[in-house]
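Text of input-v3.txt, listed as compact mmCIF, C-alpha atoms and all ligand atoms:
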```txt
# COMPACT_ATOMS: atom_id res chain seq x y z
CA SER A 1 87.52 156.99 26.75
CA THR A 2 90.37 154.98 25.23
CA GLN A 3 89.54 153.72 21.76
CA VAL A 4 91.25 151.82 18.96
CA GLN A 5 90.88 153.30 15.49
CA LEU A 6 91.72 152.06 12.02
CA VAL A 7 94.01 154.54 10.28
CA ALA A 8 95.21 152.61 7.21
CA ARG A 9 93.74 149.81 5.12
CA PRO A 10 95.85 146.69 5.48
CA ALA A 11 97.23 144.93 2.42
CA GLY A 12 97.43 141.26 3.35
CA TRP A 13 98.12 140.82 7.05
CA PRO A 14 97.25 143.87 9.16
CA VAL A 15 100.14 145.47 11.06
CA PRO A 16 100.02 147.54 14.27
CA ALA A 17 100.67 150.74 12.27
CA ASP A 18 97.25 150.29 10.62
CA PHE A 19 95.71 151.24 13.98
CA ARG A 20 96.06 153.93 16.62
CA LEU A 21 95.03 154.35 20.24
CA ALA A 22 92.99 157.53 20.79
CA ARG A 23 91.81 159.28 23.95
CA ILE A 24 88.38 160.79 23.47
CA GLU A 25 86.52 163.10 25.85
CA LEU A 26 82.93 161.95 26.29
CA GLY A 27 80.28 164.65 26.50
CA GLU A 28 77.43 164.92 28.97
CA LEU A 29 74.69 162.32 28.50
CA GLY A 30 71.87 163.53 26.27
CA PRO A 31 68.20 162.54 26.64
CA ASN A 32 67.71 158.74 26.36
CA GLU A 33 71.48 158.14 26.34
CA VAL A 34 73.47 155.69 28.42
CA ARG A 35 77.14 155.36 29.38
CA VAL A 36 78.61 151.88 29.62
CA ALA A 37 81.87 150.70 31.15
CA ASN A 38 82.85 147.88 28.81
CA GLU A 39 84.11 144.70 30.42
CA PHE A 40 84.85 142.66 27.29
CA ILE A 41 85.15 143.48 23.61
CA SER A 42 84.98 140.95 20.82
CA VAL A 43 87.58 140.44 18.12
CA ASP A 44 86.22 138.49 15.16
CA PRO A 45 87.49 137.30 11.78
CA TYR A 46 84.81 139.24 9.86
CA MET A 47 86.49 142.45 11.04
CA ARG A 48 89.30 141.76 8.60
CA GLY A 49 86.85 142.08 5.71
CA ARG A 50 85.54 145.37 7.03
CA MET A 51 89.07 146.80 6.99
CA ASN A 52 88.96 146.62 3.18
CA ASP A 53 87.23 149.33 1.20
CA VAL A 54 84.86 146.97 -0.59
CA LYS A 55 81.11 146.68 -0.67
CA SER A 56 79.96 143.74 1.41
CA TYR A 57 77.18 142.72 3.79
CA ALA A 58 78.78 144.92 6.46
CA PRO A 59 80.02 148.39 5.50
CA PRO A 60 83.78 149.01 5.52
CA TYR A 61 85.28 150.65 8.60
CA SER A 62 85.97 154.33 8.01
CA LEU A 63 89.58 155.44 8.35
CA GLY A 64 90.08 157.40 11.55
CA ALA A 65 86.97 155.93 13.15
CA THR A 66 86.85 153.63 16.15
CA MET A 67 86.67 149.93 15.31
CA GLY A 68 83.05 148.77 15.64
CA GLY A 69 82.06 145.34 16.88
CA GLY A 70 80.43 143.42 19.69
CA ALA A 71 81.09 144.37 23.30
CA VAL A 72 79.55 143.81 26.70
CA GLY A 73 79.64 146.06 29.73
CA ARG A 74 77.77 147.54 32.63
CA VAL A 75 75.73 150.73 32.60
CA VAL A 76 77.35 153.41 34.77
CA ALA A 77 75.03 156.31 33.91
CA SER A 78 71.64 156.45 32.24
CA ARG A 79 69.10 158.99 31.09
CA ALA A 80 66.93 156.26 29.53
CA ASP A 81 63.86 154.81 31.25
CA ALA A 82 64.43 151.31 29.89
CA VAL A 83 68.06 151.01 31.04
CA ALA A 84 69.20 151.26 34.66
CA VAL A 85 72.61 151.82 36.18
CA GLY A 86 74.07 148.36 36.87
CA ASP A 87 72.38 146.66 33.90
CA VAL A 88 74.54 144.46 31.70
CA VAL A 89 74.27 145.43 28.05
CA VAL A 90 75.56 144.17 24.71
CA HIS A 91 76.25 146.64 21.92
CA GLN A 92 78.17 147.14 18.67
CA LEU A 93 80.27 150.19 19.52
CA GLY A 94 83.39 148.07 19.59
CA TRP A 95 86.95 148.72 20.63
CA ARG A 96 86.67 151.28 23.44
CA ASP A 97 86.69 151.08 27.23
CA VAL A 98 83.67 153.32 27.70
CA ALA A 99 80.76 153.45 25.26
CA GLN A 100 78.07 156.07 25.17
CA GLY A 101 75.03 156.65 22.99
CA ASP A 102 71.31 156.31 22.51
CA ALA A 103 69.81 153.49 24.59
CA ALA A 104 68.34 151.95 21.41
CA GLY A 105 71.84 150.73 20.53
CA PHE A 106 72.22 148.78 23.78
CA ARG A 107 70.51 145.47 24.55
CA VAL A 108 70.04 144.56 28.22
CA VAL A 109 70.98 140.91 28.86
CA PRO A 110 70.37 138.78 31.95
CA GLU A 111 73.22 137.96 34.30
CA LEU A 112 73.43 134.20 34.79
CA ALA A 113 75.02 132.72 37.91
CA GLY A 114 78.40 131.20 37.16
CA VAL A 115 78.52 132.53 33.58
CA PRO A 116 81.03 135.32 32.83
CA LEU A 117 79.80 138.43 31.04
CA SER A 118 82.08 137.54 28.13
CA ALA A 119 79.76 134.62 27.36
CA ASN A 120 77.45 137.17 25.74
CA LEU A 121 80.03 137.47 22.97
CA GLY A 122 80.55 133.72 22.57
CA VAL A 123 78.52 130.83 23.88
CA LEU A 124 75.44 133.01 24.45
CA GLY A 125 76.25 135.41 21.64
CA MET A 126 77.03 135.78 17.99
CA THR A 127 79.51 132.94 17.51
CA ALA A 128 77.49 130.10 19.08
CA PHE A 129 74.39 131.47 17.36
CA THR A 130 76.27 131.21 14.07
CA ALA A 131 76.98 127.54 14.77
CA TYR A 132 73.32 126.94 15.58
CA VAL A 133 71.97 128.68 12.48
CA GLY A 134 74.55 127.16 10.17
CA LEU A 135 73.91 123.61 11.30
CA LEU A 136 70.14 123.71 11.65
CA GLU A 137 68.89 126.32 9.19
CA ILE A 138 71.56 126.20 6.48
CA ALA A 139 72.90 122.63 6.47
CA HIS A 140 69.64 121.09 7.74
CA LEU A 141 71.41 118.67 10.04
CA THR A 142 69.57 115.35 10.18
CA PRO A 143 70.03 112.73 12.92
CA GLY A 144 72.69 110.24 11.89
CA ASP A 145 74.57 112.68 9.64
CA THR A 146 78.35 112.65 9.64
CA VAL A 147 79.38 116.25 10.30
CA PHE A 148 82.78 117.75 9.53
CA VAL A 149 83.73 121.20 10.79
CA SER A 150 86.95 123.11 10.16
CA GLY A 151 88.26 125.69 12.61
CA ALA A 152 86.82 123.23 15.09
CA ALA A 153 88.56 124.53 18.23
CA GLY A 154 87.46 128.11 17.64
CA ALA A 155 84.44 129.99 18.92
CA VAL A 156 82.07 128.85 16.16
CA GLY A 157 83.65 125.46 15.49
CA SER A 158 83.68 124.24 19.09
CA MET A 159 79.95 124.95 19.23
CA VAL A 160 79.26 123.29 15.88
CA GLY A 161 80.71 120.02 17.17
CA GLN A 162 78.75 120.08 20.40
CA ILE A 163 75.44 121.21 18.91
CA ALA A 164 75.78 118.58 16.17
CA ARG A 165 76.16 115.89 18.84
CA LEU A 166 73.22 117.23 20.89
CA LYS A 167 71.07 117.27 17.76
CA GLY A 168 71.76 113.64 16.94
CA ALA A 169 74.65 113.69 14.46
CA GLY A 170 76.11 110.26 13.81
CA ARG A 171 79.80 111.00 13.56
CA VAL A 172 81.39 114.38 14.35
CA VAL A 173 84.81 115.19 12.89
CA GLY A 174 86.88 118.34 13.28
CA SER A 175 90.13 119.87 12.12
CA ALA A 176 92.32 122.42 13.86
CA GLY A 177 95.83 123.79 13.66
CA SER A 178 97.69 122.28 16.62
CA ALA A 179 98.09 118.99 18.45
CA ALA A 180 96.78 120.56 21.65
CA LYS A 181 93.60 121.73 19.92
CA VAL A 182 93.09 118.35 18.26
CA GLU A 183 93.38 116.67 21.64
CA LEU A 184 90.80 119.07 23.08
CA LEU A 185 88.33 118.29 20.30
CA THR A 186 88.04 114.64 21.27
CA SER A 187 88.68 114.90 25.02
CA ARG A 188 86.57 117.97 25.84
CA TYR A 189 84.18 118.85 23.00
CA GLY A 190 83.02 115.31 22.24
CA PHE A 191 84.27 114.95 18.65
CA ASP A 192 84.62 111.35 17.45
CA ALA A 193 87.73 112.11 15.41
CA ALA A 194 89.96 115.10 14.77
CA PHE A 195 93.11 115.96 12.87
CA ASN A 196 95.71 118.70 12.61
CA TYR A 197 95.49 120.24 9.13
CA ARG A 198 99.19 121.13 9.35
CA ASP A 199 100.15 117.45 9.65
CA GLY A 200 99.59 116.50 6.02
CA ALA A 201 97.19 116.55 3.09
CA ILE A 202 93.74 117.49 4.37
CA ALA A 203 91.93 115.20 1.92
CA GLU A 204 93.85 112.16 3.18
CA GLN A 205 93.38 113.04 6.81
CA LEU A 206 89.67 113.64 6.32
CA ALA A 207 89.25 110.34 4.49
CA ALA A 208 90.81 108.55 7.46
CA ALA A 209 88.67 110.44 9.99
CA ALA A 210 85.39 110.08 8.07
CA PRO A 211 85.74 106.82 6.11
CA GLU A 212 81.97 106.67 5.45
CA GLY A 213 81.98 110.16 3.94
CA VAL A 214 80.61 113.51 5.04
CA ASP A 215 76.94 114.53 5.00
CA VAL A 216 77.35 118.04 6.44
CA TYR A 217 80.44 120.21 6.10
CA PHE A 218 80.48 123.37 8.18
CA ASP A 219 83.11 125.49 6.41
CA ASN A 220 84.98 128.06 8.48
CA VAL A 221 88.19 127.92 6.47
CA GLY A 222 87.64 127.53 2.72
CA GLY A 223 90.42 126.63 0.27
CA GLU A 224 91.94 123.17 0.65
CA HIS A 225 89.50 122.30 3.44
CA LEU A 226 86.50 122.93 1.18
CA GLU A 227 88.04 120.91 -1.62
CA ALA A 228 88.66 117.99 0.74
CA ALA A 229 85.11 118.14 2.03
CA LEU A 230 83.69 118.12 -1.50
CA GLU A 231 85.87 115.09 -2.21
CA MET A 232 84.48 113.18 0.78
CA ALA A 233 80.90 114.44 0.42
CA ASN A 234 78.15 111.84 0.33
CA PRO A 235 75.33 112.15 -2.22
CA GLY A 236 72.89 114.85 -1.11
CA GLY A 237 75.47 116.35 1.21
CA ARG A 238 75.19 119.95 2.43
CA VAL A 239 77.83 122.59 2.98
CA ALA A 240 77.16 125.54 5.28
CA ALA A 241 79.54 128.16 3.91
CA CYS A 242 80.22 130.19 7.05
CA GLY A 243 83.68 131.60 6.48
CA ALA A 244 86.97 131.22 4.63
CA ILE A 245 89.57 132.36 7.13
CA SER A 246 92.43 130.76 5.20
CA GLN A 247 91.89 133.49 2.60
CA TYR A 248 91.19 136.65 4.60
CA ASN A 249 94.78 137.87 4.69
CA GLU A 250 95.80 136.71 1.21
CA SER A 251 96.43 139.51 -1.24
CA ALA A 252 96.14 137.24 -4.29
CA ALA A 253 92.69 136.13 -5.47
CA PRO A 254 91.83 132.71 -4.00
CA VAL A 255 91.74 129.58 -6.13
CA GLY A 256 88.42 127.74 -6.03
CA PRO A 257 87.98 124.02 -5.31
CA ARG A 258 89.12 121.99 -8.33
CA ASN A 259 86.36 119.44 -7.74
CA LEU A 260 83.39 121.80 -7.78
CA SER A 261 81.74 119.45 -10.31
CA ASN A 262 81.05 117.10 -7.38
CA VAL A 263 78.27 119.52 -6.52
CA VAL A 264 76.59 118.40 -9.73
CA THR A 265 77.36 114.71 -9.73
CA ARG A 266 76.55 114.16 -6.06
CA GLY A 267 73.64 116.55 -5.78
CA LEU A 268 75.33 118.66 -3.14
CA THR A 269 74.08 121.94 -1.78
CA ILE A 270 76.46 124.75 -0.83
CA LYS A 271 74.70 127.58 0.94
CA GLY A 272 76.34 130.65 2.34
CA PHE A 273 74.91 132.74 5.15
CA THR A 274 75.59 135.70 7.39
CA VAL A 275 74.11 135.21 10.79
CA GLY A 276 72.65 138.70 10.96
CA ASN A 277 70.03 137.65 8.41
CA TYR A 278 68.73 134.89 10.70
CA LEU A 279 67.98 136.85 13.86
CA GLN A 280 64.46 135.45 13.97
CA HIS A 281 66.03 132.24 15.28
CA TYR A 282 67.83 133.99 18.14
CA PRO A 283 65.14 133.35 20.80
CA ALA A 284 65.11 129.61 20.04
CA PHE A 285 68.90 129.55 20.20
CA ALA A 286 69.03 131.48 23.49
CA ALA A 287 66.47 129.20 25.12
CA GLU A 288 68.13 126.01 23.95
CA MET A 289 71.68 127.12 24.72
CA GLY A 290 70.62 128.40 28.14
CA ALA A 291 69.18 124.99 28.95
CA TRP A 292 72.26 123.17 27.66
CA LEU A 293 74.54 125.35 29.77
CA ALA A 294 72.40 124.89 32.88
CA ALA A 295 72.55 121.12 32.35
CA ASP A 296 76.33 121.17 31.68
CA ALA A 297 75.58 119.69 28.26
CA VAL A 298 77.80 122.27 26.57
CA VAL A 299 81.30 123.36 27.57
CA PHE A 300 83.00 126.49 26.30
CA ASP A 301 86.42 128.05 26.37
CA GLU A 302 87.58 131.62 26.04
CA THR A 303 90.98 133.11 25.40
CA VAL A 304 91.18 136.42 27.24
CA VAL A 305 93.67 139.15 26.34
CA ASP A 306 93.95 141.94 28.91
CA GLY A 307 93.76 145.61 28.05
CA ILE A 308 92.14 147.67 25.29
CA ASP A 309 95.67 148.63 24.22
CA HIS A 310 96.21 144.96 23.30
CA ALA A 311 93.11 144.67 21.13
CA VAL A 312 95.11 144.69 17.89
CA GLU A 313 97.39 141.93 19.18
CA ALA A 314 94.30 139.95 20.20
CA PHE A 315 92.83 140.35 16.72
CA LEU A 316 96.06 139.28 15.03
CA GLY A 317 96.41 136.40 17.50
CA LEU A 318 92.93 135.24 16.50
CA MET A 319 93.91 135.22 12.84
CA ARG A 320 97.05 133.23 13.72
CA GLY A 321 95.17 130.65 15.80
CA GLU A 322 96.39 131.69 19.25
CA ASN A 323 92.88 131.30 20.64
CA THR A 324 90.96 128.28 21.85
CA GLY A 325 87.25 129.02 21.85
CA LYS A 326 86.19 132.65 21.81
CA MET A 327 88.87 135.35 21.72
CA VAL A 328 87.92 138.39 23.80
CA VAL A 329 89.66 141.45 25.17
CA ARG A 330 89.11 142.29 28.83
CA THR A 331 88.88 146.04 29.26
CA LEU A 332 90.68 146.56 32.52
CA PRO A 333 89.66 149.57 34.57
CA ALA A 334 92.13 152.41 34.07
P1 LIG A 401 87.79 131.31 15.64
O1 LIG A 401 87.57 131.36 17.10
O2 LIG A 401 87.57 130.02 14.93
O3 LIG A 401 89.24 131.88 15.36
C1 LIG A 401 89.79 131.81 14.10
C2 LIG A 401 90.57 130.49 13.93
O4 LIG A 401 90.82 130.29 12.58
C3 LIG A 401 91.93 130.49 14.57
O5 LIG A 401 91.86 130.16 15.94
C4 LIG A 401 92.69 129.46 13.74
O6 LIG A 401 92.64 128.20 14.40
C5 LIG A 401 91.88 129.36 12.45
N1 LIG A 401 92.68 129.67 11.27
C6 LIG A 401 93.39 130.80 11.02
N2 LIG A 401 94.00 130.70 9.82
C7 LIG A 401 93.68 129.49 9.32
C8 LIG A 401 94.02 128.78 8.11
N3 LIG A 401 94.82 129.34 7.18
N4 LIG A 401 93.52 127.54 7.94
C9 LIG A 401 92.73 126.98 8.87
N5 LIG A 401 92.38 127.58 10.02
C10 LIG A 401 92.84 128.82 10.23
O7 LIG A 401 86.88 132.41 14.95
P2 LIG A 401 85.31 132.42 14.87
O8 LIG A 401 84.79 131.20 15.51
O9 LIG A 401 84.83 133.72 15.35
O10 LIG A 401 85.02 132.36 13.31
C11 LIG A 401 85.20 131.15 12.60
C12 LIG A 401 84.75 131.33 11.16
O11 LIG A 401 83.37 131.66 11.11
C13 LIG A 401 85.48 132.45 10.42
O12 LIG A 401 85.67 132.05 9.08
C14 LIG A 401 84.49 133.59 10.47
O13 LIG A 401 84.67 134.52 9.45
C15 LIG A 401 83.19 132.84 10.35
N6 LIG A 401 82.01 133.51 10.86
C16 LIG A 401 80.95 133.69 10.01
C17 LIG A 401 79.78 134.23 10.44
C18 LIG A 401 78.63 134.31 9.50
O14 LIG A 401 77.61 134.93 9.83
N7 LIG A 401 78.74 133.71 8.33
C19 LIG A 401 79.61 134.72 11.83
C20 LIG A 401 80.78 134.44 12.67
C21 LIG A 401 81.93 133.87 12.19
P3 LIG A 401 93.73 127.02 14.08
O15 LIG A 401 94.69 127.07 15.22
O16 LIG A 401 92.88 125.80 14.08
O17 LIG A 401 94.36 127.34 12.77
```
If you convert what's in this file into structure tokens, what do you get?
Amino acid sequence: STQVQLVARPAGWPVPADFRLARIELGELGPNEVRVANEFISVDPYMRGRMNDVKSYAPPYSLGATMGGGAVGRVVASRADAVAVGDVVVHQLGWRDVAQGDAAGFRVVPELAGVPLSANLGVLGMTAFTAYVGLLEIAHLTPGDTVFVSGAAGAVGSMVGQIARLKGAGRVVGSAGSAAKVELLTSRYGFDAAFNYRDGAIAEQLAAAAPEGVDVYFDNVGGEHLEAALEMANPGGRVAACGAISQYNESAAPVGPRNLSNVVTRGLTIKGFTVGNYLQHYPAFAAEMGAWLAADAVVFDETVVDGIDHAVEAFLGLMRGENTGKMVVRTLPA
């Protein structure tokens, strides 16, 4: 099996030399084990945090070990009663073309007509589920709310905008890092207004896009975006603190929002979450998202990078904003 391993802990932006490609001989299948030919592996921003040797909600990656993470593939051999050859499975064994292990680590998922297997990593997987949980369980979206989401053309953000609309948001506003993405937000994902955060001060652009203020801010970016959202927050507003990608590759400690006192004076709530602690809502999400997809009520995009040997480039591309929607790596057959 070809696998990508972390061999050095990055300082600031990761570089290719922090990783290596390894060829690993897989042993015979043991009792209750399965072998899976991966079709897609997920690259995600949280992986940057796991490259650091710090205690967090997910343990750090070990040096010399294969990068863990979401992946989807098809079972090619099985010694487990519950898993058959040909089944599609999702697992967390990450950046490798063939995965093998106890069947308990593999979840069989249905194959839906017209939906690529990669959807299990995005619109039917962790990222869209994050949007769903953040909006409904963390920010308590209420019909009529003005919703602002940063990173709006990404895997999570593009779902936040669409789910907000489907759940009755009043005005939906997004920010992203290119003119093409901003155009997509209004033309394809149904946002009412969008702006390019590289075009000028975020606070000014947000004030123009949400003149009546913001009731829910879904924060994927942190930093200046969070400060702008606190500035435009309406009384009783809620912030779902989902991520802070503007800070993941900074080596200096981040500066907090200078207007944090708005939380006091406007009665705001900022609540962080990691989606893994909300798995009890997964069945509701899967049912609702399945229905939305079947009814063409939700659209989704994926950026596909070919080849396990390009996984590092795909990850770095994600951090640089080269993706629209979910970034995945297609594991081409050798
Ligand atoms: P995306 O698909 O949104 O990809 C990351 C995007 O971040 C890039 O496309 C880029 O878009 C944007 N970006 C990169 N640097 C900056 C910057 N300095 N300022 C603003 N935008 C930037 O990734 P995901 O949808 O997978 O993740 C989005 C966020 O959600 C991340 O913060 C992630 O950590 C978080 N997350 C949290 C989870 C949780 O359980 N709390 C679960 C899953 C994700 P652009 O071109 O617009 O700059």
| request: Check which residues fall inside 7 Å of ligand LIG 401 (chain A) when counting only C-alpha atoms and all ligand atoms, and print them as a count of residues only. | output: 39
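Across A:Val173, A:Leu29, A:Val329, A:Val89, the tightest approach to Val72 (chain A) is made by A:Val89 when counting only C-alpha atoms.
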| field | For Ala80 (chain A), the nearest of the candidates A:Ala113, A:Met67, A:Ala128, A:Val34, counting only C-alpha atoms | value |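 Residue with the minimum atom-to-atom distance to Ala80 (chain A): A:Val34.
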| field | All residues 12 Å or closer to Arg107 (chain A), all atoms listed in the file, same chain fewer than 4 positions away omitted, as a PyMOL selection string | value | chain A and resi 34+36+70-75+82-84+87-93+102-103+120+125
Put the listed atoms of region 125-142 of chain A in a box along x, y and z with 6 Å added on every side and give me the centre and edge lengths in Å to one decimal, as lines of an AutoDock Vina configuration file.
```
center_x = 74.2
center_y = 125.6
center_z = 14.1
size_x = 22.6
size_y = 32.4
size_z = 27.2
```
| Residues within 9 Å of region 40-42 of chain A, all atoms listed in the file, excluding chain neighbours under 4 positions, as JSON, numbers by chain | {"A": [69, 70, 71, 72, 73, 94, 95, 96, 97, 117, 118, 121, 122, 304, 308, 311, 315, 326, 327, 328, 329, 330, 331, 332]}
Could you please take those selected residues and save C-alpha atoms as an mmCIF file, in the frame of the given file?
```cif
data_model
loop_
_atom_site.group_PDB
_atom_site.id
_atom_site.type_symbol
_atom_site.label_atom_id
_atom_site.label_comp_id
_atom_site.auth_asym_id
_atom_site.auth_seq_id
_atom_site.Cartn_x
_atom_site.Cartn_y
_atom_site.Cartn_z
ATOM 1 C CA GLY A 69 82.060 145.340 16.880
ATOM 2 C CA GLY A 70 80.430 143.420 19.690
ATOM 3 C CA ALA A 71 81.090 144.370 23.300
ATOM 4 C CA VAL A 72 79.550 143.810 26.700
ATOM 5 C CA GLY A 73 79.640 146.060 29.730
ATOM 6 C CA GLY A 94 83.390 148.070 19.590
ATOM 7 C CA TRP A 95 86.950 148.720 20.630
ATOM 8 C CA ARG A 96 86.670 151.280 23.440
ATOM 9 C CA ASP A 97 86.690 151.080 27.230
ATOM 10 C CA LEU A 117 79.800 138.430 31.040
ATOM 11 C CA SER A 118 82.080 137.540 28.130
ATOM 12 C CA LEU A 121 80.030 137.470 22.970
ATOM 13 C CA GLY A 122 80.550 133.720 22.570
ATOM 14 C CA VAL A 304 91.180 136.420 27.240
ATOM 15 C CA ILE A 308 92.140 147.670 25.290
ATOM 16 C CA ALA A 311 93.110 144.670 21.130
ATOM 17 C CA PHE A 315 92.830 140.350 16.720
ATOM 18 C CA LYS A 326 86.190 132.650 21.810
ATOM 19 C CA MET A 327 88.870 135.350 21.720
ATOM 20 C CA VAL A 328 87.920 138.390 23.800
ATOM 21 C CA VAL A 329 89.660 141.450 25.170
ATOM 22 C CA ARG A 330 89.110 142.290 28.830
ATOM 23 C CA THR A 331 88.880 146.040 29.260
ATOM 24 C CA LEU A 332 90.680 146.560 32.520
#
```
Need the shell around region 202-214 of chain A: protein/DNA/RNA residues with any atom at most 9 Å away, counting only C-alpha atoms. Skip same-chain ones fewer than 3 positions apart. Format as a compact mmCIF listing (two decimals) with C-alpha atoms, keeping the file's coordinate frame?
```txt
# COMPACT_ATOMS: atom_id res chain seq x y z
CA ASP A 145 74.57 112.68 9.64
CA THR A 146 78.35 112.65 9.64
CA VAL A 147 79.38 116.25 10.30
CA PHE A 148 82.78 117.75 9.53
CA ARG A 171 79.80 111.00 13.56
CA VAL A 172 81.39 114.38 14.35
CA VAL A 173 84.81 115.19 12.89
CA GLY A 174 86.88 118.34 13.28
CA SER A 175 90.13 119.87 12.12
CA ASP A 192 84.62 111.35 17.45
CA ALA A 193 87.73 112.11 15.41
CA ALA A 194 89.96 115.10 14.77
CA PHE A 195 93.11 115.96 12.87
CA ASN A 196 95.71 118.70 12.61
CA TYR A 197 95.49 120.24 9.13
CA ARG A 198 99.19 121.13 9.35
CA ASP A 199 100.15 117.45 9.65
CA TYR A 217 80.44 120.21 6.10
CA GLU A 224 91.94 123.17 0.65
CA HIS A 225 89.50 122.30 3.44
CA GLU A 227 88.04 120.91 -1.62
CA ALA A 228 88.66 117.99 0.74
CA ALA A 229 85.11 118.14 2.03
CA LEU A 230 83.69 118.12 -1.50
CA GLU A 231 85.87 115.09 -2.21
CA MET A 232 84.48 113.18 0.78
CA ALA A 233 80.90 114.44 0.42
CA ASN A 234 78.15 111.84 0.33
CA GLY A 237 75.47 116.35 1.21
CA ARG A 238 75.19 119.95 2.43
```
| request: Would you work out the distance separating CA of Ser78 (chain A) from CA of Arg23 (chain A), expressed in Å to one decimal? | output: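 For CA of Ser78 (chain A) relative to CA of Arg23 (chain A), the distance reads 22.0 Å.
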| query | In Å, how far is it from CA of Gly170 (chain A) to CA of Arg258 (chain A)? | reply | 28.2 Å
Missing atoms in region 147-159 of chain A need filling: write out N, CA and C atoms for it as a PDB file, in the frame of the given file.
```pdb
ATOM      1  N   VAL A 147      79.114 114.815  10.386  1.00  0.00           N
ATOM      2  CA  VAL A 147      79.380 116.250  10.300  1.00  0.00           C
ATOM      3  C   VAL A 147      80.876 116.486  10.377  1.00  0.00           C
ATOM      4  N   PHE A 148      81.380 117.318   9.471  1.00  0.00           N
ATOM      5  CA  PHE A 148      82.780 117.750   9.530  1.00  0.00           C
ATOM      6  C   PHE A 148      82.793 119.257   9.675  1.00  0.00           C
ATOM      7  N   VAL A 149      83.584 119.754  10.628  1.00  0.00           N
ATOM      8  CA  VAL A 149      83.730 121.200  10.790  1.00  0.00           C
ATOM      9  C   VAL A 149      85.206 121.551  10.836  1.00  0.00           C
ATOM     10  N   SER A 150      85.579 122.595  10.093  1.00  0.00           N
ATOM     11  CA  SER A 150      86.950 123.110  10.160  1.00  0.00           C
ATOM     12  C   SER A 150      86.976 124.268  11.155  1.00  0.00           C
ATOM     13  N   GLY A 151      88.170 124.669  11.555  1.00  0.00           N
ATOM     14  CA  GLY A 151      88.260 125.690  12.610  1.00  0.00           C
ATOM     15  C   GLY A 151      87.564 125.180  13.869  1.00  0.00           C
ATOM     16  N   ALA A 152      87.712 123.889  14.130  1.00  0.00           N
ATOM     17  CA  ALA A 152      86.820 123.230  15.090  1.00  0.00           C
ATOM     18  C   ALA A 152      87.089 123.600  16.544  1.00  0.00           C
ATOM     19  N   ALA A 153      88.263 124.147  16.845  1.00  0.00           N
ATOM     20  CA  ALA A 153      88.560 124.530  18.230  1.00  0.00           C
ATOM     21  C   ALA A 153      88.300 126.003  18.481  1.00  0.00           C
ATOM     22  N   GLY A 154      87.744 126.687  17.480  1.00  0.00           N
ATOM     23  CA  GLY A 154      87.460 128.110  17.640  1.00  0.00           C
ATOM     24  C   GLY A 154      86.084 128.343  18.243  1.00  0.00           C
ATOM     25  N   ALA A 155      85.695 129.610  18.273  1.00  0.00           N
ATOM     26  CA  ALA A 155      84.440 129.990  18.920  1.00  0.00           C
ATOM     27  C   ALA A 155      83.243 129.341  18.219  1.00  0.00           C
ATOM     28  N   VAL A 156      83.180 129.454  16.902  1.00  0.00           N
ATOM     29  CA  VAL A 156      82.070 128.850  16.160  1.00  0.00           C
ATOM     30  C   VAL A 156      82.240 127.330  16.113  1.00  0.00           C
ATOM     31  N   GLY A 157      83.425 126.885  15.724  1.00  0.00           N
ATOM     32  CA  GLY A 157      83.650 125.460  15.490  1.00  0.00           C
ATOM     33  C   GLY A 157      83.421 124.587  16.714  1.00  0.00           C
ATOM     34  N   SER A 158      83.849 125.058  17.881  1.00  0.00           N
ATOM     35  CA  SER A 158      83.680 124.240  19.090  1.00  0.00           C
ATOM     36  C   SER A 158      82.202 124.072  19.422  1.00  0.00           C
ATOM     37  N   MET A 159      81.404 125.044  19.016  1.00  0.00           N
ATOM     38  CA  MET A 159      79.950 124.950  19.230  1.00  0.00           C
ATOM     39  C   MET A 159      79.303 124.075  18.163  1.00  0.00           C
TER      40      MET A 159
END
```
